[in-house]
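*Asks:* Below is final.cif; it holds mmCIF, N, CA and C atoms.
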```cif
data_model
#
loop_
_atom_site.group_PDB
_atom_site.id
_atom_site.type_symbol
_atom_site.label_atom_id
_atom_site.label_comp_id
_atom_site.auth_asym_id
_atom_site.auth_seq_id
_atom_site.Cartn_x
_atom_site.Cartn_y
_atom_site.Cartn_z
ATOM 1 N N ASP A 21 -167.307 -22.614 -169.111
ATOM 2 C CA ASP A 21 -166.398 -22.171 -170.166
ATOM 3 C C ASP A 21 -166.645 -20.707 -170.508
ATOM 4 N N VAL A 22 -165.578 -20.002 -170.808
ATOM 5 C CA VAL A 22 -165.685 -18.619 -171.228
ATOM 6 C C VAL A 22 -165.296 -18.563 -172.702
ATOM 7 N N PHE A 23 -166.174 -17.986 -173.497
ATOM 8 C CA PHE A 23 -165.944 -17.904 -174.924
ATOM 9 C C PHE A 23 -165.766 -16.452 -175.339
ATOM 10 N N GLU A 24 -165.163 -16.274 -176.494
ATOM 11 C CA GLU A 24 -165.102 -14.959 -177.108
ATOM 12 C C GLU A 24 -166.533 -14.567 -177.469
ATOM 13 N N PRO A 25 -166.764 -13.288 -177.763
ATOM 14 C CA PRO A 25 -168.113 -12.886 -178.182
ATOM 15 C C PRO A 25 -168.576 -13.712 -179.385
ATOM 16 N N ILE A 26 -169.867 -14.066 -179.371
ATOM 17 C CA ILE A 26 -170.414 -14.930 -180.425
ATOM 18 C C ILE A 26 -171.422 -14.230 -181.309
ATOM 19 N N GLY A 27 -171.901 -13.061 -180.890
ATOM 20 C CA GLY A 27 -172.916 -12.392 -181.676
ATOM 21 C C GLY A 27 -173.433 -11.147 -180.996
ATOM 22 N N THR A 28 -174.531 -10.652 -181.534
ATOM 23 C CA THR A 28 -175.148 -9.438 -181.047
ATOM 24 C C THR A 28 -176.520 -9.766 -180.496
ATOM 25 N N CYS A 29 -176.849 -9.146 -179.381
ATOM 26 C CA CYS A 29 -178.167 -9.313 -178.786
ATOM 27 C C CYS A 29 -179.080 -8.249 -179.369
ATOM 28 N N GLY A 30 -180.192 -8.667 -179.925
ATOM 29 C CA GLY A 30 -181.154 -7.731 -180.488
ATOM 30 C C GLY A 30 -182.139 -7.210 -179.461
ATOM 31 N N HIS A 31 -181.902 -7.543 -178.205
ATOM 32 C CA HIS A 31 -182.771 -7.103 -177.120
ATOM 33 C C HIS A 31 -182.316 -5.730 -176.648
ATOM 34 N N THR A 32 -183.204 -4.980 -176.030
ATOM 35 C CA THR A 32 -182.850 -3.622 -175.598
ATOM 36 C C THR A 32 -182.068 -3.585 -174.296
ATOM 37 N N SER A 33 -182.038 -4.714 -173.577
ATOM 38 C CA SER A 33 -181.272 -4.766 -172.338
ATOM 39 C C SER A 33 -180.712 -6.163 -172.153
ATOM 40 N N PHE A 34 -179.694 -6.273 -171.279
ATOM 41 C CA PHE A 34 -179.082 -7.577 -171.034
ATOM 42 C C PHE A 34 -180.065 -8.451 -170.274
ATOM 43 N N CYS A 35 -180.270 -9.671 -170.729
ATOM 44 C CA CYS A 35 -181.308 -10.529 -170.162
ATOM 45 C C CYS A 35 -180.842 -11.352 -168.963
ATOM 46 N N ASN A 36 -179.530 -11.411 -168.720
ATOM 47 C CA ASN A 36 -178.972 -12.165 -167.593
ATOM 48 C C ASN A 36 -179.225 -13.663 -167.672
ATOM 49 N N ILE A 37 -179.518 -14.177 -168.835
ATOM 50 C CA ILE A 37 -179.698 -15.613 -169.003
ATOM 51 C C ILE A 37 -178.334 -16.221 -169.320
ATOM 52 N N ASN A 38 -178.202 -17.508 -169.198
ATOM 53 C CA ASN A 38 -176.938 -18.235 -169.329
ATOM 54 C C ASN A 38 -176.286 -18.049 -170.703
ATOM 55 N N ALA A 39 -175.633 -16.920 -170.897
ATOM 56 C CA ALA A 39 -174.916 -16.673 -172.146
ATOM 57 C C ALA A 39 -173.633 -17.499 -172.142
ATOM 58 N N PRO A 40 -173.147 -17.988 -173.234
ATOM 59 C CA PRO A 40 -173.665 -17.779 -174.572
ATOM 60 C C PRO A 40 -174.723 -18.803 -174.982
ATOM 61 N N TYR A 41 -174.919 -19.822 -174.161
ATOM 62 C CA TYR A 41 -175.791 -20.920 -174.568
ATOM 63 C C TYR A 41 -177.223 -20.483 -174.850
ATOM 64 N N ALA A 42 -177.815 -19.725 -173.970
ATOM 65 C CA ALA A 42 -179.205 -19.315 -174.150
ATOM 66 C C ALA A 42 -179.370 -18.417 -175.372
ATOM 67 N N CYS A 43 -178.321 -17.727 -175.745
ATOM 68 C CA CYS A 43 -178.389 -16.814 -176.894
ATOM 69 C C CYS A 43 -178.826 -17.546 -178.165
ATOM 70 N N TYR A 44 -178.287 -18.734 -178.380
ATOM 71 C CA TYR A 44 -178.580 -19.474 -179.608
ATOM 72 C C TYR A 44 -180.059 -19.820 -179.745
ATOM 73 N N LEU A 45 -180.770 -19.902 -178.634
ATOM 74 C CA LEU A 45 -182.187 -20.254 -178.660
ATOM 75 C C LEU A 45 -183.083 -19.023 -178.669
ATOM 76 N N CYS A 46 -182.496 -17.849 -178.577
ATOM 77 C CA CYS A 46 -183.258 -16.601 -178.530
ATOM 78 C C CYS A 46 -183.522 -16.082 -179.943
ATOM 79 N N PRO A 47 -184.762 -15.716 -180.247
ATOM 80 C CA PRO A 47 -185.068 -15.204 -181.591
ATOM 81 C C PRO A 47 -184.422 -13.847 -181.888
ATOM 82 N N LYS A 48 -183.930 -13.148 -180.872
ATOM 83 C CA LYS A 48 -183.314 -11.841 -181.080
ATOM 84 C C LYS A 48 -181.802 -11.924 -181.295
ATOM 85 N N PHE A 49 -181.248 -13.120 -181.169
ATOM 86 C CA PHE A 49 -179.805 -13.318 -181.297
ATOM 87 C C PHE A 49 -179.364 -13.226 -182.748
ATOM 88 N N GLN A 50 -178.269 -12.512 -182.963
ATOM 89 C CA GLN A 50 -177.677 -12.376 -184.291
ATOM 90 C C GLN A 50 -176.237 -12.885 -184.203
ATOM 91 N N ALA A 51 -176.015 -14.103 -184.678
ATOM 92 C CA ALA A 51 -174.691 -14.733 -184.592
ATOM 93 C C ALA A 51 -173.705 -14.033 -185.509
ATOM 94 N N TRP A 52 -172.499 -13.842 -185.008
ATOM 95 C CA TRP A 52 -171.439 -13.270 -185.831
ATOM 96 C C TRP A 52 -170.832 -14.360 -186.696
ATOM 97 N N MET A 53 -170.512 -14.000 -187.917
ATOM 98 C CA MET A 53 -169.921 -14.943 -188.866
ATOM 99 C C MET A 53 -168.608 -15.516 -188.338
ATOM 100 N N ASP A 54 -167.822 -14.713 -187.639
ATOM 101 C CA ASP A 54 -166.512 -15.157 -187.182
ATOM 102 C C ASP A 54 -166.489 -15.518 -185.695
ATOM 103 N N GLY A 55 -167.670 -15.726 -185.118
ATOM 104 C CA GLY A 55 -167.733 -16.122 -183.708
ATOM 105 C C GLY A 55 -167.211 -17.538 -183.506
ATOM 106 N N PRO A 56 -166.828 -17.879 -182.290
ATOM 107 C CA PRO A 56 -166.264 -19.200 -182.002
ATOM 108 C C PRO A 56 -167.349 -20.273 -181.821
ATOM 109 N N HIS A 57 -168.240 -20.369 -182.778
ATOM 110 C CA HIS A 57 -169.373 -21.288 -182.681
ATOM 111 C C HIS A 57 -168.927 -22.754 -182.622
ATOM 112 N N GLU A 58 -167.818 -23.069 -183.296
ATOM 113 C CA GLU A 58 -167.303 -24.442 -183.244
ATOM 114 C C GLU A 58 -166.900 -24.814 -181.817
ATOM 115 N N LYS A 59 -166.277 -23.869 -181.110
ATOM 116 C CA LYS A 59 -165.872 -24.117 -179.722
ATOM 117 C C LYS A 59 -167.095 -24.339 -178.838
ATOM 118 N N VAL A 60 -168.134 -23.556 -179.064
ATOM 119 C CA VAL A 60 -169.371 -23.706 -178.296
ATOM 120 C C VAL A 60 -169.964 -25.093 -178.556
ATOM 121 N N LEU A 61 -170.027 -25.481 -179.828
ATOM 122 C CA LEU A 61 -170.581 -26.785 -180.186
ATOM 123 C C LEU A 61 -169.746 -27.910 -179.586
ATOM 124 N N ASP A 62 -168.438 -27.792 -179.674
ATOM 125 C CA ASP A 62 -167.554 -28.818 -179.096
ATOM 126 C C ASP A 62 -167.778 -28.961 -177.594
ATOM 127 N N ALA A 63 -167.917 -27.832 -176.888
ATOM 128 C CA ALA A 63 -168.135 -27.871 -175.439
ATOM 129 C C ALA A 63 -169.474 -28.537 -175.108
ATOM 130 N N LEU A 64 -170.489 -28.245 -175.889
ATOM 131 C CA LEU A 64 -171.808 -28.849 -175.656
ATOM 132 C C LEU A 64 -171.776 -30.354 -175.894
ATOM 133 N N ILE A 65 -171.130 -30.759 -176.966
ATOM 134 C CA ILE A 65 -171.045 -32.192 -177.285
ATOM 135 C C ILE A 65 -170.209 -32.906 -176.233
ATOM 136 N N GLU A 66 -169.145 -32.268 -175.775
ATOM 137 C CA GLU A 66 -168.313 -32.866 -174.729
ATOM 138 C C GLU A 66 -169.125 -33.064 -173.444
ATOM 139 N N GLY A 67 -169.916 -32.085 -173.095
ATOM 140 C CA GLY A 67 -170.761 -32.208 -171.910
ATOM 141 C C GLY A 67 -171.776 -33.322 -172.041
ATOM 142 N N ARG A 68 -172.363 -33.438 -173.224
ATOM 143 C CA ARG A 68 -173.346 -34.501 -173.468
ATOM 144 C C ARG A 68 -172.681 -35.873 -173.358
ATOM 145 N N THR A 69 -171.496 -35.986 -173.937
ATOM 146 C CA THR A 69 -170.761 -37.251 -173.901
ATOM 147 C C THR A 69 -170.420 -37.635 -172.459
ATOM 148 N N LYS A 70 -169.994 -36.665 -171.666
ATOM 149 C CA LYS A 70 -169.666 -36.939 -170.259
ATOM 150 C C LYS A 70 -170.893 -37.409 -169.492
ATOM 151 N N ARG A 71 -172.034 -36.763 -169.713
ATOM 152 C CA ARG A 71 -173.257 -37.183 -169.025
ATOM 153 C C ARG A 71 -173.644 -38.600 -169.414
ATOM 154 N N GLU A 72 -173.453 -38.916 -170.692
ATOM 155 C CA GLU A 72 -173.761 -40.257 -171.177
ATOM 156 C C GLU A 72 -172.820 -41.289 -170.556
ATOM 157 N N GLN A 73 -171.524 -40.954 -170.503
ATOM 158 C CA GLN A 73 -170.537 -41.865 -169.924
ATOM 159 C C GLN A 73 -170.766 -42.096 -168.433
ATOM 160 N N LEU A 74 -171.326 -41.107 -167.762
ATOM 161 C CA LEU A 74 -171.642 -41.249 -166.344
ATOM 162 C C LEU A 74 -172.888 -42.111 -166.103
ATOM 163 N N GLY A 75 -173.554 -42.462 -167.185
ATOM 164 C CA GLY A 75 -174.737 -43.304 -167.069
ATOM 165 C C GLY A 75 -175.959 -42.568 -166.551
ATOM 166 N N LEU A 76 -175.997 -41.269 -166.769
ATOM 167 C CA LEU A 76 -177.134 -40.485 -166.301
ATOM 168 C C LEU A 76 -178.389 -40.827 -167.095
ATOM 169 N N ASP A 77 -179.509 -40.482 -166.539
ATOM 170 C CA ASP A 77 -180.800 -40.708 -167.184
ATOM 171 C C ASP A 77 -180.776 -40.114 -168.596
ATOM 172 N N PRO A 78 -181.342 -40.813 -169.569
ATOM 173 C CA PRO A 78 -181.339 -40.305 -170.949
ATOM 174 C C PRO A 78 -181.927 -38.896 -171.089
ATOM 175 N N LYS A 79 -182.879 -38.545 -170.248
ATOM 176 C CA LYS A 79 -183.446 -37.188 -170.313
ATOM 177 C C LYS A 79 -182.403 -36.143 -169.912
ATOM 178 N N ILE A 80 -181.551 -36.485 -168.976
ATOM 179 C CA ILE A 80 -180.482 -35.576 -168.552
ATOM 180 C C ILE A 80 -179.396 -35.520 -169.626
ATOM 181 N N VAL A 81 -179.075 -36.665 -170.209
ATOM 182 C CA VAL A 81 -178.080 -36.710 -171.289
ATOM 183 C C VAL A 81 -178.516 -35.805 -172.435
ATOM 184 N N ALA A 82 -179.792 -35.837 -172.774
ATOM 185 C CA ALA A 82 -180.319 -35.108 -173.926
ATOM 186 C C ALA A 82 -180.751 -33.682 -173.588
ATOM 187 N N LEU A 83 -180.452 -33.222 -172.402
ATOM 188 C CA LEU A 83 -180.912 -31.928 -171.912
ATOM 189 C C LEU A 83 -180.600 -30.775 -172.872
ATOM 190 N N GLU A 84 -179.463 -30.798 -173.497
ATOM 191 C CA GLU A 84 -179.042 -29.690 -174.368
ATOM 192 C C GLU A 84 -179.095 -30.041 -175.854
ATOM 193 N N ASP A 85 -179.822 -31.080 -176.210
ATOM 194 C CA ASP A 85 -179.872 -31.491 -177.619
ATOM 195 C C ASP A 85 -180.446 -30.410 -178.533
ATOM 196 N N ASP A 86 -181.473 -29.689 -178.083
ATOM 197 C CA ASP A 86 -182.022 -28.607 -178.906
ATOM 198 C C ASP A 86 -180.981 -27.516 -179.130
ATOM 199 N N LEU A 87 -180.225 -27.242 -178.100
ATOM 200 C CA LEU A 87 -179.167 -26.240 -178.191
ATOM 201 C C LEU A 87 -178.065 -26.695 -179.146
ATOM 202 N N ILE A 88 -177.666 -27.960 -179.041
ATOM 203 C CA ILE A 88 -176.662 -28.516 -179.944
ATOM 204 C C ILE A 88 -177.142 -28.394 -181.393
ATOM 205 N N THR A 89 -178.391 -28.726 -181.619
ATOM 206 C CA THR A 89 -178.966 -28.626 -182.966
ATOM 207 C C THR A 89 -178.954 -27.189 -183.462
ATOM 208 N N GLN A 90 -179.273 -26.248 -182.595
ATOM 209 C CA GLN A 90 -179.311 -24.845 -183.002
ATOM 210 C C GLN A 90 -177.921 -24.300 -183.311
ATOM 211 N N VAL A 91 -176.936 -24.646 -182.509
ATOM 212 C CA VAL A 91 -175.568 -24.191 -182.776
ATOM 213 C C VAL A 91 -175.080 -24.791 -184.101
ATOM 214 N N ALA A 92 -175.372 -26.061 -184.331
ATOM 215 C CA ALA A 92 -175.007 -26.699 -185.605
ATOM 216 C C ALA A 92 -175.706 -26.001 -186.770
ATOM 217 N N SER A 93 -176.939 -25.580 -186.550
ATOM 218 C CA SER A 93 -177.680 -24.860 -187.586
ATOM 219 C C SER A 93 -177.035 -23.510 -187.892
ATOM 220 N N VAL A 94 -176.582 -22.814 -186.862
ATOM 221 C CA VAL A 94 -175.878 -21.541 -187.058
ATOM 222 C C VAL A 94 -174.617 -21.776 -187.885
ATOM 223 N N LEU A 95 -173.864 -22.817 -187.552
ATOM 224 C CA LEU A 95 -172.648 -23.132 -188.305
ATOM 225 C C LEU A 95 -172.963 -23.467 -189.761
ATOM 226 N N ALA A 96 -174.029 -24.212 -189.991
ATOM 227 C CA ALA A 96 -174.416 -24.568 -191.355
ATOM 228 C C ALA A 96 -174.822 -23.317 -192.138
ATOM 229 N N HIS A 97 -175.545 -22.426 -191.484
ATOM 230 C CA HIS A 97 -175.968 -21.192 -192.151
ATOM 231 C C HIS A 97 -174.758 -20.322 -192.506
ATOM 232 N N ILE A 98 -173.814 -20.214 -191.578
ATOM 233 C CA ILE A 98 -172.604 -19.439 -191.839
ATOM 234 C C ILE A 98 -171.826 -20.042 -193.012
ATOM 235 N N ALA A 99 -171.714 -21.359 -193.046
ATOM 236 C CA ALA A 99 -171.013 -22.018 -194.150
ATOM 237 C C ALA A 99 -171.724 -21.756 -195.477
ATOM 238 N N GLU A 100 -173.044 -21.782 -195.443
ATOM 239 C CA GLU A 100 -173.830 -21.532 -196.666
ATOM 240 C C GLU A 100 -173.633 -20.110 -197.151
ATOM 241 N N VAL A 101 -173.726 -19.150 -196.245
ATOM 242 C CA VAL A 101 -173.561 -17.741 -196.609
ATOM 243 C C VAL A 101 -172.139 -17.469 -197.073
ATOM 244 N N SER A 102 -171.154 -18.042 -196.393
ATOM 245 C CA SER A 102 -169.754 -17.861 -196.784
ATOM 246 C C SER A 102 -169.500 -18.433 -198.163
ATOM 247 N N GLY A 103 -170.095 -19.583 -198.455
ATOM 248 C CA GLY A 103 -169.931 -20.203 -199.779
ATOM 249 C C GLY A 103 -170.538 -19.370 -200.870
ATOM 250 N N SER A 104 -171.676 -18.740 -200.592
ATOM 251 C CA SER A 104 -172.338 -17.930 -201.608
ATOM 252 C C SER A 104 -171.616 -16.620 -201.857
ATOM 253 N N ARG A 105 -170.723 -16.242 -200.933
ATOM 254 C CA ARG A 105 -169.920 -15.017 -201.098
ATOM 255 C C ARG A 105 -168.536 -15.325 -201.642
ATOM 256 N N GLY A 106 -168.339 -16.546 -202.095
ATOM 257 C CA GLY A 106 -167.042 -16.912 -202.640
ATOM 258 C C GLY A 106 -165.980 -17.053 -201.571
ATOM 259 N N GLY A 107 -166.413 -17.423 -200.366
ATOM 260 C CA GLY A 107 -165.461 -17.627 -199.280
ATOM 261 C C GLY A 107 -165.179 -16.399 -198.446
ATOM 262 N N GLU A 108 -165.692 -15.226 -198.873
ATOM 263 C CA GLU A 108 -165.485 -14.027 -198.095
ATOM 264 C C GLU A 108 -166.509 -13.966 -196.979
ATOM 265 N N VAL A 109 -166.057 -13.516 -195.810
ATOM 266 C CA VAL A 109 -166.967 -13.384 -194.668
ATOM 267 C C VAL A 109 -167.248 -11.940 -194.408
#
```
Rewrite the coordinates I just gave you, this time as structure tokens.
*Replies:*
Amino acid sequence: DVFEPIGTCGHTSFCNINAPYACYLCPKFQAWMDGPHEKVLDALIEGRTKREQLGLDPKIVALEDDLITQVASVLAHIAEVSGSRGGEV
């Protein structure tokens, strides 16, 4: 999947890791408030569901669970910050 930009890399050079997914797990990643994080989360959950439906080993099904949790955390943080600003982003 190709997504719109999701944030800023705080690294001094491009790391060539599987963007955008690896970005969420990187401590230097700065998620944009208006990034398509919901689309990223939906794609990850869809992939997990497909692996589960295929009857793959539970370890393979859960391969991206940490990533799913982190993207959900980014969304929760954005919602919290947006709420504290009175809905302004």
*Asks:* Using atom C of Gly55 of chain A and atom C of Leu95 of chain A as the two end points, give the distance in Å to one decimal.
*Replies:*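 Spanning atom C of Gly55 of chain A to atom C of Leu95 of chain A is a straight-line distance of 10.4 Å.
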*Asks:* Quick one: distance from atom C of Asp54 of chain A to atom N of Thr28 of chain A in Å, one decimal?
*Replies:*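 Atom C of Asp54 of chain A sits 10.3 Å away from atom N of Thr28 of chain A.
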*Asks:* Given the choices A:Ala99, A:Glu84, A:Pro25, A:Tyr41, which gets closest to Arg68 of chain A if the distance is worked out from all atoms listed in the file?
*Replies:* A:Glu84
*Asks:* Starting from the PyMOL selection byres ((chain A and resi 81) around 8), expand the selection into actual residues of this file and give them as an MDAnalysis selection string.
*Replies:* chainID A and resid 67:73 75:80 82:85
*Asks:* Go ahead and compute the interatomic distance for atom C of Ile26 of chain A and atom C of Ala51 of chain A, in Å to one decimal.
*Replies:*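 It comes out at 4.8 Å.
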*Asks:* Output as number ranges by chain all residues of chain A that backbone DSSP marks as strand (DSSP E or B).
*Replies:* A: 27-29, 49-51
*Asks:* Once 8 Å is added on each side, what centre and edge lengths in Å to one decimal does the axis-aligned box around all listed atoms of segment 54-69 of chain A have, as lines of an AutoDock Vina configuration file?
*Replies:*
```
center_x = -169.6
center_y = -26.2
center_z = -179.8
size_x = 23.5
size_y = 38.9
size_z = 31.7
```
*Asks:* Write out as a VMD selection string the residues lying within 8 Å of segment 45-50 of chain A, counting only C-alpha atoms and excluding same-chain residues fewer than 3 positions away.
*Replies:* chain A and resid 27 to 31 41 to 42 87 90
*Asks:* Using only C-alpha atoms, which of A:Asp86, A:Cys43, A:Trp52, A:Val94 sits nearest Leu64 of chain A?
*Replies:*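 Between A:Asp86, A:Cys43, A:Trp52, A:Val94, the residue approaching Leu64 of chain A most closely is A:Asp86.
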